[in-house]
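A short worksheet on the structure shown next.
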Amino acid sequence: MVVFKKPHALSDVPLHYCPGCTHGIVHRLVAEVIDELGIEGKTVGIAPVGCSVMAYNYFECDMIEAAHGRAPAVATGVKRANPDNIVFTYQGDGDLASIGTAETVHSAARNENITVIFINNAIYGMTGGQMAPTSLPGQVTQTSPYGRDVNLCGYPVKICEMLAQLDGPEYLERVTVNSVKQIKNAKRAIKKAFQNQIDGKGFSLVEVISSCPTNWGMTPQAALKWIDEKMIPYYPLGVYKDRSAEKKEAEQ
């Protein structure tokens, strides 16, 4: 009896991510969902610039590289040209919440029938740990050595809360992957986001609060604890929009 195996949709190659980084966990969850839904042959992933820049090496489905921040725009083009394909983007906070803010907002506003996996680790990971749009108030980074000063740099961008104000999006949820319980919940959310696309419901985004031990200057264990103590209080987990669920409640 097979107890544990690699998802077919996940390539059998070493990941380039730093030790303790939770990108690998999310990659596996996405691959498991693709396997379970039986959609590998018609799935197209969009990898932009950032730590996920080489995601094309890790998924067995077709992958397209997008310019920095432009993944939702590329995904929109792919989906509209090939509506039978299942299209997802895999983006970090420096990509989605900074240079790609416009593409994210307008894809959501149009309710494009795509799935967005958004990794929020509150820092620019690939380029060396600079302050990101999601870095916490007071957070020390390479470009905020005395901590993020909100009077100078403004407040962090809360993507789920912001997009929830739009009429367009079908589904927005924030999860994390710093424990077994939370990993299971994250998989449920990711599967729902893909299923929404299969059902033609529209734009779904799952924000995953993730760790970056290297650029946070912590051990992997301390980084997981920091998510609970610092990240989640500022970025509360939960469903921020679910139009189908809201419609059901209204009908009851």
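How things are named: the first chain in the structure tokens is A, the next is B, and so on; residues count from 1 in each chain; ligands count from 1 in the order shown.
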
When you look at A:Ala193 with a cut-off of 10 Å (counting only C-alpha atoms), what residues show up, excluding the ones that are within fewer than 2 positions of it in the same chain? I need them as a CSV table (one decimal) with C-alpha atoms, in the first residue's frame.
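The resulting file, result_29.csv, is reproduced below:
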```csv
chain,number,residue,atom,x,y,z
A,33,VAL,CA,-4.9,19.6,-6.5
A,88,PHE,CA,-3.2,29.8,-12.8
A,114,ILE,CA,-8.4,32.5,-13.6
A,115,THR,CA,-6.8,31.2,-10.4
A,116,VAL,CA,-4.2,33.3,-8.6
A,117,ILE,CA,-1.9,31.7,-6.0
A,170,GLU,CA,-15.6,35.3,-7.1
A,171,TYR,CA,-13.4,34.1,-4.2
A,172,LEU,CA,-10.7,35.5,-2.0
A,173,GLU,CA,-9.2,33.6,1.0
A,187,LYS,CA,-5.1,22.8,0.2
A,188,ARG,CA,-8.8,23.1,0.6
A,189,ALA,CA,-8.7,26.7,-0.4
A,190,ILE,CA,-6.5,26.1,-3.4
A,191,LYS,CA,-8.7,23.2,-4.6
A,195,GLN,CA,-12.8,24.2,-8.9
A,196,ASN,CA,-14.3,27.7,-9.3
A,197,GLN,CA,-12.4,28.1,-12.5
A,198,ILE,CA,-13.6,24.7,-13.8
A,201,LYS,CA,-17.3,31.2,-11.7
A,202,GLY,CA,-14.5,33.6,-12.3
A,203,PHE,CA,-11.6,35.2,-10.5
A,204,SER,CA,-10.2,33.3,-7.4
A,205,LEU,CA,-7.2,34.3,-5.3
A,206,VAL,CA,-5.7,32.4,-2.5
```

Neighbouring residues of A:Tyr90 were defined as those with any atom within 9 Å, considering only C-alpha atoms; residues of the same chain fewer than 3 positions away were excluded. Please report them as a list in words.
Gly45, Ile46, Ala47, Pro48, Ser52, Ala55, Ala71, Thr115, Val116, Ile117, Phe118 and Ile119 of chain A

For stretch 38-156 of chain A against stretch 227-241 of chain A, with a cut-off of 10 Å and counting only C-alpha atoms, what is the closest atom pair and its distance in Å to one decimal for every residue that makes the cut, ordered by chain and number, as a tab-separated table?
```
residue	atom	partner	partner_atom	distance
A:Asn120	CA	A:Met231	CA	9.5
A:Asn121	CA	A:Met231	CA	8.6
A:Ala122	CA	A:Met231	CA	8.3
A:Thr134	CA	A:Tyr235	CA	9.5
A:Ser135	CA	A:Met231	CA	9.4
A:Leu136	CA	A:Met231	CA	7.7
A:Pro137	CA	A:Tyr234	CA	9.4
A:Gln139	CA	A:Lys230	CA	9.8
A:Pro156	CA	A:Tyr234	CA	9.3
```

Selection above as a file: C-alpha atoms, as a tab-separated table (two decimals), in the first residue's frame:
```
chain	number	residue	atom	x	y	z
A	120	ASN	CA	2.96	36.72	0.95
A	121	ASN	CA	6.21	36.51	2.92
A	122	ALA	CA	6.39	40.25	3.64
A	134	THR	CA	3.54	43.77	2.45
A	135	SER	CA	6.39	44.29	4.95
A	136	LEU	CA	4.97	44.90	8.43
A	137	PRO	CA	5.17	48.22	10.28
A	139	GLN	CA	9.81	45.24	10.16
A	156	PRO	CA	1.37	47.50	4.11
```

Hey, can you check how far atom CA of A:Thr101 sits from atom CA of A:Cys160?
12.3 Å

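Atom to atom, atom CA of A:Gln142 and atom CA of A:Val177 stand 25.1 Å apart.
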
With only C-alpha atoms as the counted atoms, please give the residues lying no more than 12 Å from A:Arg28, apart from itself and same-chain residues fewer than 2 positions off, as a ChimeraX atom specification.
/A:5-12,15,22-26,30-35,55,58-60,177,183-184,186-187,190

Name the residues in contact with A:Asp62 at a cut-off of 10 Å, using only C-alpha atoms, excluding same-chain residues fewer than 3 positions from it; report them as a list in words.
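Result of the neighbour search: Glu40, Gly41, Lys42, Thr43, Val44, Gly45, Ile46, Tyr56, Phe59 and Val87 of chain A.
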
Nearest-residue call for A:Tyr155, choices A:Val175, A:Met131, A:Val13, A:Ala250, using only C-alpha atoms
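Checking each of A:Val175, A:Met131, A:Val13, A:Ala250 against A:Tyr155, counting only C-alpha atoms, the winner is A:Met131.
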
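All residues within stretch 76-183 of chain A that the backbone DSSP calculation assigns to strand (DSSP E or B) are Ile86, Val87, Phe88, Thr89, Tyr90, Gln91, Gly92, Thr115, Val116, Ile117, Phe118, Ile119, Asn120, Thr141, Ser144, Tyr171, Leu172, Glu173, Arg174, Val175 and Thr176 of chain A.
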
Keeping only C-alpha atoms, write the selected residues as a PDB file, in the first residue's frame.
```
ATOM      1  CA  ILE A  86      -7.245  25.870 -16.644  1.00  0.00           C
ATOM      2  CA  VAL A  87      -4.942  28.837 -16.081  1.00  0.00           C
ATOM      3  CA  PHE A  88      -3.212  29.791 -12.835  1.00  0.00           C
ATOM      4  CA  THR A  89      -0.617  32.322 -11.786  1.00  0.00           C
ATOM      5  CA  TYR A  90       1.893  31.751  -8.985  1.00  0.00           C
ATOM      6  CA  GLN A  91       3.128  35.095  -7.644  1.00  0.00           C
ATOM      7  CA  GLY A  92       5.014  36.571  -4.714  1.00  0.00           C
ATOM      8  CA  THR A 115      -6.834  31.236 -10.420  1.00  0.00           C
ATOM      9  CA  VAL A 116      -4.182  33.255  -8.594  1.00  0.00           C
ATOM     10  CA  ILE A 117      -1.878  31.750  -5.961  1.00  0.00           C
ATOM     11  CA  PHE A 118      -0.348  34.643  -4.030  1.00  0.00           C
ATOM     12  CA  ILE A 119       2.642  34.036  -1.737  1.00  0.00           C
ATOM     13  CA  ASN A 120       2.964  36.722   0.954  1.00  0.00           C
ATOM     14  CA  THR A 141      14.669  44.609   6.051  1.00  0.00           C
ATOM     15  CA  SER A 144      14.487  49.491   6.272  1.00  0.00           C
ATOM     16  CA  TYR A 171     -13.439  34.050  -4.223  1.00  0.00           C
ATOM     17  CA  LEU A 172     -10.724  35.494  -1.973  1.00  0.00           C
ATOM     18  CA  GLU A 173      -9.178  33.642   0.963  1.00  0.00           C
ATOM     19  CA  ARG A 174      -6.055  34.050   3.100  1.00  0.00           C
ATOM     20  CA  VAL A 175      -4.382  30.928   4.491  1.00  0.00           C
ATOM     21  CA  THR A 176      -0.977  29.875   5.803  1.00  0.00           C
TER      22      THR A 176
END
```

Restricting the calculation to only C-alpha atoms, which member of A:Cys51, A:Ile64, A:Leu163, A:Ala109 is positioned closest to A:Thr127?
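Smallest distance to A:Thr127 is found for A:Cys51.
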
Using only C-alpha atoms, which of the listed residues (A:Gly20, A:Gln182, A:Ile39, A:Gly100) sits closest to A:Ala66?
A:Gly100

Would you please extract all helix (DSSP H, G or I) residues from stretch 53-230 of chain A, as assigned by DSSP on the backbone, and give them as a VMD selection string?
chain A and resid 53 to 57 71 to 81 93 to 99 101 to 109 150 to 153 159 to 163 180 to 198 213 to 216 220 to 230
